[in-house]
Amino acid sequence: MKLSHLSETLIGSEIVKLGGEIRERIRKGERIYNFTVGDFDPKIFPIPKQLEDDIVDAYRAHFTNYPPGEGSLELREALSKYIKQYQGLDYGVEEILVASGGRPLIYALFRAVVDKGEKVLYAVPSWNNNHYTHFVEAEHVVVEAKAENAFMPTAEDLKPYISDVSFLALCSPQNPTGTTFRKEELAAICEMVVEENKRRGDGKKLYVMYDQMYWHLTYNGIQHYDPVTLNPEMRPYTIFIDAISKCFAATGVRVGWSTGPAAVLNKMKAILSHVGAWAPMPEQKGLTKFLGQTEAIDTYLTHFKAEVEERLRRIHDGLVALKDEGFPVDAVTPEAAIYLTIKIELVGKKTAEGNTLQTQADVTSYLLQKAGLAIVPFYAFGASKSSPWYRLSVGTCKKEEIDEMLQKLKATLQQLS
């Protein structure tokens, strides 16, 4: 049956597909260490109790009608204060748009800014930029970020393409890498964008999406930076994407927001008005109340970040120890988010059964079958099919399983020749 060109050519989320396959194997009784989907096990990482209570109270108060398309005024006022308090950014209610998580906002932003055939610039590995670019029938301009730069794009990487694109997608902390922009590097990118927009005069500007979904979750002295703070001239061209999904382990509690120029947000709002991707009214009411509870927010984040960082660091240290023993593995020092970038370089190795691991896909399958280790290869995020790098997510990780997983991995590596 022939359907639309979009539906015939659209690729589903590789991560969601892989995560579904892993869950089904676990359901059937297989012992698998699942580090795939960027989600949380609520038994390990519950949402803040106060937020939960505030949402439940809103349901019991029967706030179950349609919300305003831009988000309730009370929530946008609360978000304005929250953003000012925690990031030092001053955005008014007309510069804030609420939706059901970050994804609808990203989709609406692509739709609002990018025309068919225009060029979208993004680095890989990165989350879903390839799919959103495909949605709007734009031309992909792809830069492969380098390991020596912690897989973050640099101004030097982007400069050859900047004069020819309509949209630049940036993310920090980065999904899938768990790494961040350094102040100097992001400042250099911002300066380049500002100069390019001056050159364009009255023509269509170069807009920047800045996905900062994980910005609260930084570790070991790492500081989050954003374009507008570093360069106020970026304000007319920068649209932020944020949500409670990651910072409060609330992936299923669908509230996200964009901040940026009102003219762009109004167009995004109009697009979403036809999609209906509003954050549910009880969640908006509950979050409005919770955002005013600074002590509860700080207490939650302190504990939550410590628990995530412990998992990331223990797995990182275990992999580095294996590397020091001569095994072909490595890991990037964790900086942020819930992700660890790891390297497992086994192509060309022979298994105990005499089979040669010929591709990185073979390696991924081997790790799952023999070590029970489920991780997402960087090629699922647009990187080269031969890349030996992986995303490891700790959102469902039990601390007592870390040493067991590392021992299983070591035993599996020892079987190769």
# chains A, B, ... in the order shown; residues from 1 in each chain; ligands from 1
>>> select_by_dssp(residues="segment 199-417 of chain A", states="helix (DSSP H, G or I)", output="ChimeraX atom specification")
/A:199-200,227-230,232-237,262-275,281-290,294-324,360-371,378-381,399-414
>>> select_by_dssp(residues="segment 138-318 of chain A", states="strand (DSSP E)", output="ChimeraX atom specification")
/A:139-144,167-171,207-211,238-243,256-259
>>> closest_atom_pairs(of="segment 325-347 of chain A", to="segment 34-50 of chain A", cutoff="10 Å", atoms="only C-alpha atoms", output="CSV")
residue,atom,partner,partner_atom,distance
A:Ala337,CA,A:Gly38,CA,9.6
A:Ile338,CA,A:Gly38,CA,7.5
A:Tyr339,CA,A:Gly38,CA,8.0
A:Leu340,CA,A:Phe35,CA,9.8
>>> write_last_selection(atoms="C-alpha atoms", output="short mmCIF file (atom, residue, chain, number, x, y, z; two decimals), in the first residue's frame")
data_model
loop_
_atom_site.label_atom_id
_atom_site.label_comp_id
_atom_site.auth_asym_id
_atom_site.auth_seq_id
_atom_site.Cartn_x
_atom_site.Cartn_y
_atom_site.Cartn_z
CA ALA A 337 23.37 14.31 31.89
CA ILE A 338 22.73 10.61 32.54
CA TYR A 339 25.07 9.33 29.83
CA LEU A 340 28.54 7.90 29.63
#
>>> residues_around(residues="Thr64 of chain A", least_positions_apart="5", cutoff="10 Å", atoms="only C-alpha atoms", output="list of chain:residue names")
A:Ala58, A:Tyr59, A:Pro280, A:Met281, A:Pro282, A:Glu283
>>> residues_around(residues="Asp330 of chain A", least_positions_apart="2", cutoff="8 Å", atoms="only C-alpha atoms", output="ChimeraX atom specification")
/A:319-320,323,328,332,342-344
>>> write_last_selection(atoms="C-alpha atoms", output="short mmCIF file (atom, residue, chain, number, x, y, z; two decimals), in the first residue's frame")
data_model
loop_
_atom_site.label_atom_id
_atom_site.label_comp_id
_atom_site.auth_asym_id
_atom_site.auth_seq_id
_atom_site.Cartn_x
_atom_site.Cartn_y
_atom_site.Cartn_z
CA LEU A 319 36.07 0.65 32.17
CA VAL A 320 39.29 2.63 32.58
CA LYS A 323 41.64 -0.45 29.62
CA PRO A 328 40.20 -2.59 23.97
CA VAL A 332 35.15 9.67 28.44
CA ILE A 342 32.28 4.51 26.09
CA LYS A 343 34.45 2.86 23.45
CA ILE A 344 34.47 -0.87 22.72
#
